[in-house]
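Novice: Provided below: input-v8.cif, containing mmCIF, C-alpha atoms.
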data_input
#
loop_
_atom_site.group_PDB
_atom_site.id
_atom_site.type_symbol
_atom_site.label_atom_id
_atom_site.label_comp_id
_atom_site.auth_asym_id
_atom_site.auth_seq_id
_atom_site.Cartn_x
_atom_site.Cartn_y
_atom_site.Cartn_z
ATOM 1 C CA MET A 1 -12.848 38.044 4.905
ATOM 2 C CA THR A 2 -13.085 41.829 4.753
ATOM 3 C CA SER A 3 -13.918 43.591 8.021
ATOM 4 C CA ARG A 4 -17.487 44.757 8.559
ATOM 5 C CA ARG A 5 -18.360 48.302 7.561
ATOM 6 C CA THR A 6 -18.737 50.760 10.429
ATOM 7 C CA ALA A 7 -17.763 54.167 9.036
ATOM 8 C CA VAL A 8 -20.201 56.666 7.605
ATOM 9 C CA GLY A 9 -20.171 56.477 3.825
ATOM 10 C CA LYS A 10 -20.734 59.117 1.163
ATOM 11 C CA LEU A 11 -23.607 57.079 -0.281
ATOM 12 C CA ASP A 12 -25.476 56.422 2.971
ATOM 13 C CA GLY A 13 -29.225 56.396 2.367
ATOM 14 C CA LYS A 14 -28.839 55.890 -1.403
ATOM 15 C CA VAL A 15 -30.236 52.982 -3.401
ATOM 16 C CA ALA A 16 -28.260 51.576 -6.337
ATOM 17 C CA LEU A 17 -29.423 49.224 -9.089
ATOM 18 C CA ILE A 18 -26.527 47.511 -10.862
ATOM 19 C CA THR A 19 -26.975 45.184 -13.840
ATOM 20 C CA GLY A 20 -24.536 42.349 -14.425
ATOM 21 C CA ALA A 21 -23.514 42.539 -10.768
ATOM 22 C CA GLY A 22 -22.971 38.834 -10.215
ATOM 23 C CA GLN A 23 -19.362 38.977 -11.395
ATOM 24 C CA GLY A 24 -16.646 41.126 -12.900
ATOM 25 C CA VAL A 25 -17.022 44.881 -13.162
ATOM 26 C CA GLY A 26 -20.614 44.890 -11.937
ATOM 27 C CA GLN A 27 -19.660 42.964 -8.831
ATOM 28 C CA GLY A 28 -16.699 45.237 -8.150
ATOM 29 C CA VAL A 29 -18.936 48.295 -8.446
ATOM 30 C CA ALA A 30 -21.490 46.679 -6.130
ATOM 31 C CA PHE A 31 -18.808 46.099 -3.484
ATOM 32 C CA ALA A 32 -17.516 49.663 -3.758
ATOM 33 C CA LEU A 33 -20.944 51.322 -3.599
ATOM 34 C CA ALA A 34 -21.990 49.173 -0.652
ATOM 35 C CA LYS A 35 -18.762 50.110 1.134
ATOM 36 C CA GLU A 36 -19.821 53.757 0.841
ATOM 37 C CA GLY A 37 -23.203 52.955 2.373
ATOM 38 C CA ALA A 38 -25.496 52.419 -0.611
ATOM 39 C CA SER A 39 -28.153 49.718 -0.492
ATOM 40 C CA VAL A 40 -27.591 47.653 -3.612
ATOM 41 C CA ALA A 41 -29.981 45.793 -5.894
ATOM 42 C CA VAL A 42 -27.614 43.198 -7.357
ATOM 43 C CA ALA A 43 -29.194 42.453 -10.727
ATOM 44 C CA GLY A 44 -28.507 39.788 -13.324
ATOM 45 C CA ARG A 45 -29.704 36.566 -14.933
ATOM 46 C CA THR A 46 -27.948 33.962 -12.764
ATOM 47 C CA GLU A 47 -29.358 33.945 -9.250
ATOM 48 C CA SER A 48 -26.519 31.909 -7.730
ATOM 49 C CA LYS A 49 -23.979 34.551 -8.778
ATOM 50 C CA LEU A 50 -26.161 37.351 -7.437
ATOM 51 C CA VAL A 51 -26.446 35.593 -4.087
ATOM 52 C CA VAL A 52 -22.659 35.252 -3.827
ATOM 53 C CA THR A 53 -22.253 38.991 -4.375
ATOM 54 C CA CYS A 54 -24.996 39.811 -1.868
ATOM 55 C CA ASN A 55 -23.543 37.478 0.756
ATOM 56 C CA GLU A 56 -20.125 39.115 0.431
ATOM 57 C CA ILE A 57 -21.662 42.566 0.824
ATOM 58 C CA THR A 58 -23.549 41.391 3.890
ATOM 59 C CA GLU A 59 -20.355 39.948 5.385
ATOM 60 C CA ARG A 60 -18.752 43.348 4.933
ATOM 61 C CA GLY A 61 -21.601 44.997 6.804
ATOM 62 C CA GLY A 62 -23.521 46.304 3.797
ATOM 63 C CA HIS A 63 -27.061 45.843 2.511
ATOM 64 C CA ALA A 64 -27.809 44.083 -0.776
ATOM 65 C CA GLU A 65 -30.566 42.006 -2.334
ATOM 66 C CA PRO A 66 -30.559 39.877 -5.501
ATOM 67 C CA VAL A 67 -32.836 41.027 -8.326
ATOM 68 C CA LEU A 68 -33.303 38.831 -11.375
ATOM 69 C CA VAL A 69 -33.283 40.607 -14.731
ATOM 70 C CA ASP A 70 -32.878 39.736 -18.394
ATOM 71 C CA ILE A 71 -31.725 42.964 -20.006
ATOM 72 C CA ALA A 72 -32.840 41.732 -23.421
ATOM 73 C CA ASP A 73 -36.454 41.643 -22.226
ATOM 74 C CA ALA A 74 -38.407 44.866 -21.720
ATOM 75 C CA SER A 75 -40.856 43.430 -19.197
ATOM 76 C CA SER A 76 -37.999 41.955 -17.156
ATOM 77 C CA ILE A 77 -36.338 45.371 -16.911
ATOM 78 C CA THR A 78 -39.584 46.980 -15.780
ATOM 79 C CA ALA A 79 -40.056 44.238 -13.186
ATOM 80 C CA ALA A 80 -36.473 44.590 -11.913
ATOM 81 C CA VAL A 81 -36.852 48.317 -11.342
ATOM 82 C CA ALA A 82 -40.200 47.754 -9.634
ATOM 83 C CA ARG A 83 -38.639 45.080 -7.427
ATOM 84 C CA THR A 84 -35.811 47.432 -6.467
ATOM 85 C CA VAL A 85 -38.306 50.101 -5.445
ATOM 86 C CA GLU A 86 -40.295 47.503 -3.510
ATOM 87 C CA LEU A 87 -37.198 46.340 -1.633
ATOM 88 C CA PHE A 88 -35.560 49.697 -0.925
ATOM 89 C CA GLY A 89 -38.184 52.384 -1.453
ATOM 90 C CA GLY A 90 -36.713 54.023 -4.556
ATOM 91 C CA VAL A 91 -33.728 54.306 -6.895
ATOM 92 C CA ASP A 92 -30.963 56.926 -6.661
ATOM 93 C CA ILE A 93 -28.170 55.287 -8.652
ATOM 94 C CA LEU A 94 -28.298 53.202 -11.826
ATOM 95 C CA ILE A 95 -25.291 51.339 -13.210
ATOM 96 C CA ASN A 96 -25.887 49.876 -16.681
ATOM 97 C CA ASN A 97 -23.119 47.313 -16.862
ATOM 98 C CA ALA A 98 -24.459 44.149 -18.512
ATOM 99 C CA SER A 99 -24.426 43.793 -22.299
ATOM 100 C CA LEU A 100 -23.555 41.427 -25.117
ATOM 101 C CA ASN A 101 -20.651 42.652 -27.232
ATOM 102 C CA PRO A 102 -20.552 41.213 -30.780
ATOM 103 C CA LEU A 103 -17.027 40.601 -32.052
ATOM 104 C CA GLY A 104 -15.984 39.717 -35.579
ATOM 105 C CA ASN A 105 -14.922 41.181 -38.883
ATOM 106 C CA VAL A 106 -17.511 43.106 -40.863
ATOM 107 C CA LEU A 107 -17.996 40.311 -43.410
ATOM 108 C CA ASP A 108 -18.491 37.757 -40.633
ATOM 109 C CA LEU A 109 -20.716 39.857 -38.379
ATOM 110 C CA THR A 110 -24.315 38.808 -38.919
ATOM 111 C CA PRO A 111 -27.164 41.286 -38.558
ATOM 112 C CA GLU A 112 -28.643 38.954 -35.944
ATOM 113 C CA ARG A 113 -25.552 39.118 -33.721
ATOM 114 C CA LEU A 114 -25.387 42.870 -34.084
ATOM 115 C CA ALA A 115 -29.085 43.115 -33.244
ATOM 116 C CA ASP A 116 -28.511 41.063 -30.071
ATOM 117 C CA GLY A 117 -25.754 43.453 -29.071
ATOM 118 C CA LEU A 118 -27.905 46.496 -29.717
ATOM 119 C CA THR A 119 -30.828 45.007 -27.773
ATOM 120 C CA SER A 120 -28.671 44.258 -24.729
ATOM 121 C CA GLY A 121 -26.688 47.478 -25.071
ATOM 122 C CA PRO A 122 -28.297 50.769 -26.089
ATOM 123 C CA VAL A 123 -31.870 49.456 -26.101
ATOM 124 C CA ALA A 124 -31.528 47.982 -22.602
ATOM 125 C CA THR A 125 -29.755 51.142 -21.443
ATOM 126 C CA LEU A 126 -32.616 53.245 -22.767
ATOM 127 C CA ARG A 127 -35.206 51.047 -21.083
ATOM 128 C CA THR A 128 -33.509 50.995 -17.681
ATOM 129 C CA MET A 129 -32.917 54.748 -17.726
ATOM 130 C CA GLN A 130 -36.536 55.407 -18.696
ATOM 131 C CA ALA A 131 -37.793 53.021 -16.005
ATOM 132 C CA CYS A 132 -35.647 54.608 -13.282
ATOM 133 C CA TYR A 133 -36.230 58.223 -14.321
ATOM 134 C CA PRO A 134 -39.560 58.851 -12.522
ATOM 135 C CA PHE A 135 -38.237 57.399 -9.270
ATOM 136 C CA MET A 136 -35.067 59.499 -9.437
ATOM 137 C CA LYS A 137 -37.049 62.621 -10.263
ATOM 138 C CA GLU A 138 -39.382 61.924 -7.341
ATOM 139 C CA ARG A 139 -36.384 61.760 -4.999
ATOM 140 C CA GLY A 140 -34.950 65.031 -6.316
ATOM 141 C CA GLY A 141 -32.242 63.639 -8.547
ATOM 142 C CA GLY A 142 -29.949 60.715 -9.163
ATOM 143 C CA ALA A 143 -26.828 59.474 -10.884
ATOM 144 C CA ILE A 144 -26.485 57.093 -13.812
ATOM 145 C CA ILE A 145 -23.324 55.411 -15.057
ATOM 146 C CA ASN A 146 -23.423 53.582 -18.384
ATOM 147 C CA MET A 147 -20.492 51.281 -19.083
ATOM 148 C CA VAL A 148 -18.959 51.804 -22.520
ATOM 149 C CA SER A 149 -15.580 50.967 -24.032
ATOM 150 C CA SER A 150 -12.466 52.489 -25.543
ATOM 151 C CA VAL A 151 -12.886 49.984 -28.382
ATOM 152 C CA ALA A 152 -14.270 52.870 -30.456
ATOM 153 C CA VAL A 153 -10.892 54.612 -30.339
ATOM 154 C CA ARG A 154 -8.697 51.527 -30.769
ATOM 155 C CA TRP A 155 -5.597 51.902 -32.888
ATOM 156 C CA ASP A 156 -6.902 48.963 -34.964
ATOM 157 C CA ALA A 157 -10.680 48.657 -35.296
ATOM 158 C CA ALA A 158 -10.598 45.432 -37.340
ATOM 159 C CA GLY A 159 -12.857 42.836 -35.729
ATOM 160 C CA TYR A 160 -14.408 45.317 -33.323
ATOM 161 C CA GLY A 161 -16.964 47.152 -35.475
ATOM 162 C CA GLY A 162 -20.045 45.589 -33.898
ATOM 163 C CA TYR A 163 -18.709 46.002 -30.367
ATOM 164 C CA ALA A 164 -17.886 49.656 -31.033
ATOM 165 C CA ALA A 165 -21.300 50.274 -32.600
ATOM 166 C CA VAL A 166 -23.028 48.973 -29.475
ATOM 167 C CA LYS A 167 -20.936 50.977 -27.039
ATOM 168 C CA GLU A 168 -20.924 54.193 -29.043
ATOM 169 C CA SER A 169 -24.723 54.065 -29.168
ATOM 170 C CA VAL A 170 -24.726 53.859 -25.381
ATOM 171 C CA ARG A 171 -22.397 56.866 -25.219
ATOM 172 C CA ALA A 172 -24.715 58.901 -27.433
ATOM 173 C CA LEU A 173 -27.726 58.075 -25.266
ATOM 174 C CA SER A 174 -25.763 58.953 -22.139
ATOM 175 C CA ARG A 175 -24.877 62.402 -23.450
ATOM 176 C CA ALA A 176 -28.459 63.075 -24.546
ATOM 177 C CA ALA A 177 -29.929 61.998 -21.206
ATOM 178 C CA ALA A 178 -27.400 64.170 -19.362
ATOM 179 C CA CYS A 179 -28.493 67.208 -21.366
ATOM 180 C CA GLU A 180 -32.213 66.503 -21.018
ATOM 181 C CA TRP A 181 -32.349 65.380 -17.380
ATOM 182 C CA GLY A 182 -29.911 67.790 -15.761
ATOM 183 C CA VAL A 183 -32.837 70.072 -14.944
ATOM 184 C CA ASP A 184 -34.235 67.223 -12.840
ATOM 185 C CA GLY A 185 -30.984 66.815 -10.916
ATOM 186 C CA ILE A 186 -30.145 63.574 -12.691
ATOM 187 C CA ARG A 187 -26.521 63.208 -13.783
ATOM 188 C CA VAL A 188 -25.532 60.749 -16.534
ATOM 189 C CA ASN A 189 -21.956 59.773 -17.327
ATOM 190 C CA ALA A 190 -20.278 56.992 -19.264
ATOM 191 C CA VAL A 191 -17.316 54.981 -18.004
ATOM 192 C CA ALA A 192 -14.922 53.064 -20.263
ATOM 193 C CA PRO A 193 -13.050 50.557 -18.076
ATOM 194 C CA HIS A 194 -10.217 48.104 -18.542
ATOM 195 C CA ALA A 195 -10.817 45.560 -15.793
ATOM 196 C CA SER A 196 -9.780 42.029 -14.894
ATOM 197 C CA SER A 197 -13.243 40.610 -15.534
ATOM 198 C CA PRO A 198 -14.208 37.099 -16.720
ATOM 199 C CA GLY A 199 -15.033 38.556 -20.124
ATOM 200 C CA LEU A 200 -11.616 40.110 -20.538
ATOM 201 C CA GLN A 201 -9.978 36.881 -19.391
ATOM 202 C CA ARG A 202 -11.873 34.904 -22.050
ATOM 203 C CA TRP A 203 -10.679 37.378 -24.674
ATOM 204 C CA ALA A 204 -7.083 37.132 -23.420
ATOM 205 C CA ASP A 205 -7.220 33.333 -23.497
ATOM 206 C CA ALA A 206 -8.556 33.388 -27.065
ATOM 207 C CA ARG A 207 -6.100 36.031 -28.313
ATOM 208 C CA PRO A 208 -2.981 35.814 -26.100
ATOM 209 C CA GLU A 209 -0.625 37.740 -28.379
ATOM 210 C CA GLU A 210 -3.106 40.573 -28.862
ATOM 211 C CA ALA A 211 -3.782 40.607 -25.114
ATOM 212 C CA ALA A 212 -0.076 40.893 -24.307
ATOM 213 C CA ALA A 213 0.287 43.801 -26.719
ATOM 214 C CA PHE A 214 -2.828 45.358 -25.213
ATOM 215 C CA VAL A 215 -1.376 45.369 -21.697
ATOM 216 C CA ALA A 216 1.984 46.606 -22.980
ATOM 217 C CA GLY A 217 0.176 49.598 -24.467
ATOM 218 C CA ILE A 218 -1.254 50.671 -21.106
ATOM 219 C CA PRO A 219 0.943 53.372 -19.538
ATOM 220 C CA LEU A 220 0.344 51.937 -16.054
ATOM 221 C CA ARG A 221 1.203 48.459 -17.427
ATOM 222 C CA ARG A 222 -1.656 46.630 -15.757
ATOM 223 C CA ILE A 223 -5.343 45.826 -16.065
ATOM 224 C CA GLY A 224 -7.562 47.519 -13.495
ATOM 225 C CA ASP A 225 -9.068 45.707 -10.519
ATOM 226 C CA CYS A 226 -12.866 45.488 -10.716
ATOM 227 C CA GLU A 227 -13.400 46.833 -7.199
ATOM 228 C CA THR A 228 -10.445 48.959 -6.151
ATOM 229 C CA ASP A 229 -9.812 50.605 -9.525
ATOM 230 C CA ILE A 230 -13.180 50.634 -11.284
ATOM 231 C CA GLY A 231 -15.676 50.354 -8.438
ATOM 232 C CA THR A 232 -14.026 52.969 -6.254
ATOM 233 C CA ALA A 233 -13.939 55.456 -9.128
ATOM 234 C CA VAL A 234 -17.599 54.801 -9.938
ATOM 235 C CA ALA A 235 -18.511 55.347 -6.279
ATOM 236 C CA PHE A 236 -16.870 58.769 -6.545
ATOM 237 C CA LEU A 237 -18.666 59.573 -9.802
ATOM 238 C CA VAL A 238 -22.124 58.844 -8.392
ATOM 239 C CA GLY A 239 -21.366 60.564 -5.086
ATOM 240 C CA PRO A 240 -21.606 64.156 -3.867
ATOM 241 C CA ASP A 241 -17.998 65.038 -4.687
ATOM 242 C CA ALA A 242 -18.754 64.699 -8.421
ATOM 243 C CA ALA A 243 -22.022 66.644 -8.258
ATOM 244 C CA TYR A 244 -21.037 68.994 -11.109
ATOM 245 C CA LEU A 245 -19.952 66.271 -13.535
ATOM 246 C CA THR A 246 -22.416 65.068 -16.170
ATOM 247 C CA GLY A 247 -22.431 64.187 -19.867
ATOM 248 C CA ALA A 248 -18.823 62.980 -19.771
ATOM 249 C CA THR A 249 -17.016 59.807 -20.776
ATOM 250 C CA ILE A 250 -14.438 58.806 -18.179
ATOM 251 C CA PRO A 251 -11.751 56.341 -19.353
ATOM 252 C CA LEU A 252 -10.673 54.085 -16.486
ATOM 253 C CA ASP A 253 -8.022 52.375 -18.556
ATOM 254 C CA GLY A 254 -4.629 53.212 -17.109
ATOM 255 C CA GLY A 255 -4.102 56.009 -19.638
ATOM 256 C CA GLN A 256 -4.284 53.840 -22.763
ATOM 257 C CA SER A 257 -7.076 55.371 -24.831
ATOM 258 C CA ARG A 258 -7.000 58.695 -26.654
ATOM 259 C CA TRP A 259 -10.452 60.264 -26.566
ATOM 260 C CA GLY A 260 -11.255 63.365 -28.549
#
Could you quickly redo this structure as structure tokens?

Specialist:
Amino acid sequence: MTSRRTAVGKLDGKVALITGAGQGVGQGVAFALAKEGASVAVAGRTESKLVVTCNEITERGGHAEPVLVDIADASSITAAVARTVELFGGVDILINNASLNPLGNVLDLTPERLADGLTSGPVATLRTMQACYPFMKERGGGAIINMVSSVAVRWDAAGYGGYAAVKESVRALSRAAACEWGVDGIRVNAVAPHASSPGLQRWADARPEEAAAFVAGIPLRRIGDCETDIGTAVAFLVGPDAAYLTGATIPLDGGQSRWG
């Protein structure tokens, strides 16, 4: 068990809403933000997973509450944001982490699967950002992190077209929101992580040779930890020390990807 939090954190007094926070990257970010003092709305579809995350945060001395949300449903997103405001009094930080990522070659990728990915990716990102915007503006600003992927700059894009389309759409929305909302004190950045999440493990189990080559191509020769590598960096990005950073894509991938 991790010791209870006693120190003053850089996110004290802030409220964070994190989607897909019941496991993996979302959970790691929830732990890291709570460690810095943020009150966390742990959002997702499976209540039992949300409760586990919240209980761990409580054991560490933080404050978190489970919030059910289906990111593919507009009314559920609206309700989740409203519930967060009801529980904590507002929203300062939004982490759009949950999404469905359609894999498959172009000839095998159905329009329906791509549509599901777009609904849970850029459409859900748009909806959550729009829903949180008035509350952030009311509080004088905020910080948004949208999770994307380096899949768009893979050395071999075969089989990843749908996935890349979803994540690149999220990147485009992130950049636009950063440009439009900076005047309101709202910063928007995208983060492209490599993390030891359940999703990555399923991919590695299904494609072991590709996964081994993937890790070998990372200069640091390892996959990032969801909390200490990804979560800690995200806590910095939404905090006061990154107050002049917006509209950027930050690759948390051990140096593997080549952006630009």

Novice: How far is it from atom CA of Leu103 of chain A to atom CA of Tyr160 of chain A, in Å with one decimal?

Specialist: 5.5 Å

Novice: Once the PyMOL selection byres ((chain A and resi 162-179) around 8) has been applied to the shown file, what residues remain in the selection, as a PDB file with C-alpha atoms, keeping the file's coordinate frame?

Specialist:
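selection23.pdb was written with the following content:
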ATOM      1  CA  ASN A 101     -20.651  42.652 -27.232  1.00  0.00           C
ATOM      2  CA  PRO A 102     -20.552  41.213 -30.780  1.00  0.00           C
ATOM      3  CA  LEU A 103     -17.027  40.601 -32.052  1.00  0.00           C
ATOM      4  CA  GLY A 104     -15.984  39.717 -35.579  1.00  0.00           C
ATOM      5  CA  VAL A 106     -17.511  43.106 -40.863  1.00  0.00           C
ATOM      6  CA  LEU A 109     -20.716  39.857 -38.379  1.00  0.00           C
ATOM      7  CA  LEU A 114     -25.387  42.870 -34.084  1.00  0.00           C
ATOM      8  CA  GLY A 117     -25.754  43.453 -29.071  1.00  0.00           C
ATOM      9  CA  LEU A 118     -27.905  46.496 -29.717  1.00  0.00           C
ATOM     10  CA  GLY A 121     -26.688  47.478 -25.071  1.00  0.00           C
ATOM     11  CA  PRO A 122     -28.297  50.769 -26.089  1.00  0.00           C
ATOM     12  CA  THR A 125     -29.755  51.142 -21.443  1.00  0.00           C
ATOM     13  CA  LEU A 126     -32.616  53.245 -22.767  1.00  0.00           C
ATOM     14  CA  ASN A 146     -23.423  53.582 -18.384  1.00  0.00           C
ATOM     15  CA  MET A 147     -20.492  51.281 -19.083  1.00  0.00           C
ATOM     16  CA  VAL A 148     -18.959  51.804 -22.520  1.00  0.00           C
ATOM     17  CA  SER A 149     -15.580  50.967 -24.032  1.00  0.00           C
ATOM     18  CA  VAL A 151     -12.886  49.984 -28.382  1.00  0.00           C
ATOM     19  CA  ALA A 152     -14.270  52.870 -30.456  1.00  0.00           C
ATOM     20  CA  GLY A 159     -12.857  42.836 -35.729  1.00  0.00           C
ATOM     21  CA  TYR A 160     -14.408  45.317 -33.323  1.00  0.00           C
ATOM     22  CA  GLY A 161     -16.964  47.152 -35.475  1.00  0.00           C
ATOM     23  CA  GLU A 180     -32.213  66.503 -21.018  1.00  0.00           C
ATOM     24  CA  TRP A 181     -32.349  65.380 -17.380  1.00  0.00           C
ATOM     25  CA  GLY A 182     -29.911  67.790 -15.761  1.00  0.00           C
ATOM     26  CA  ILE A 186     -30.145  63.574 -12.691  1.00  0.00           C
ATOM     27  CA  ARG A 187     -26.521  63.208 -13.783  1.00  0.00           C
ATOM     28  CA  VAL A 188     -25.532  60.749 -16.534  1.00  0.00           C
ATOM     29  CA  ASN A 189     -21.956  59.773 -17.327  1.00  0.00           C
ATOM     30  CA  ALA A 190     -20.278  56.992 -19.264  1.00  0.00           C
ATOM     31  CA  THR A 246     -22.416  65.068 -16.170  1.00  0.00           C
ATOM     32  CA  GLY A 247     -22.431  64.187 -19.867  1.00  0.00           C
ATOM     33  CA  ALA A 248     -18.823  62.980 -19.771  1.00  0.00           C
ATOM     34  CA  THR A 249     -17.016  59.807 -20.776  1.00  0.00           C
TER      35      THR A 249
END

Novice: If I take atom CA of Gly90 of chain A and atom CA of Met136 of chain A, how far is one from the other in Å, to one decimal?

Specialist: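 Computing the Euclidean distance for atom CA of Gly90 of chain A and atom CA of Met136 of chain A yields 7.5 Å.
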
Novice: Just checking: using all atoms listed in the file, which residue out of A:Gly185, A:Gly28, A:Gly44, A:Gly217 ends up closest to Trp155 of chain A?

Specialist: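 Ranking A:Gly185, A:Gly28, A:Gly44, A:Gly217 by distance to Trp155 of chain A, first place goes to A:Gly217.
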
Novice: What is the distance, in Å and to one decimal place, between atom CA of Gly24 of chain A and atom CA of Ser196 of chain A?

Specialist: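 The value is 7.2 Å.
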
Novice: Using only C-alpha atoms, find the one residue out of A:Ala158, A:Val29, A:Leu100, A:Ala82 that sits nearest to Arg113 of chain A.

Specialist: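 With only C-alpha atoms as the atom set, the closest residue is A:Leu100.
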
Novice: Could you state which residues are captured by the PyMOL selection byres ((chain A and resi 233-236) around 10) in this file, as JSON, numbers by chain?

Specialist: {"A": [10, 11, 28, 29, 30, 31, 32, 33, 34, 35, 36, 38, 93, 95, 144, 145, 189, 190, 191, 227, 228, 229, 230, 231, 232, 237, 238, 239, 240, 241, 242, 243, 250, 252]}

Novice: Produce the centre coordinates and the three edge lengths, each in Å to one decimal, of the box along x, y and z that contains all listed atoms of segment 63-72 of chain A with 8 Å added on each side, as lines of an AutoDock Vina configuration file.

Specialist:
center_x = -30.2
center_y = 42.3
center_z = -10.5
size_x = 22.2
size_y = 23.0
size_z = 41.9

Novice: Measuring atom to atom with all atoms listed in the file, identify which of A:Glu210, A:Ala79, A:Arg154, A:Thr119 is nearest to Cys132 of chain A.

Specialist: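 Selected residue with least distance to Cys132 of chain A: A:Ala79.
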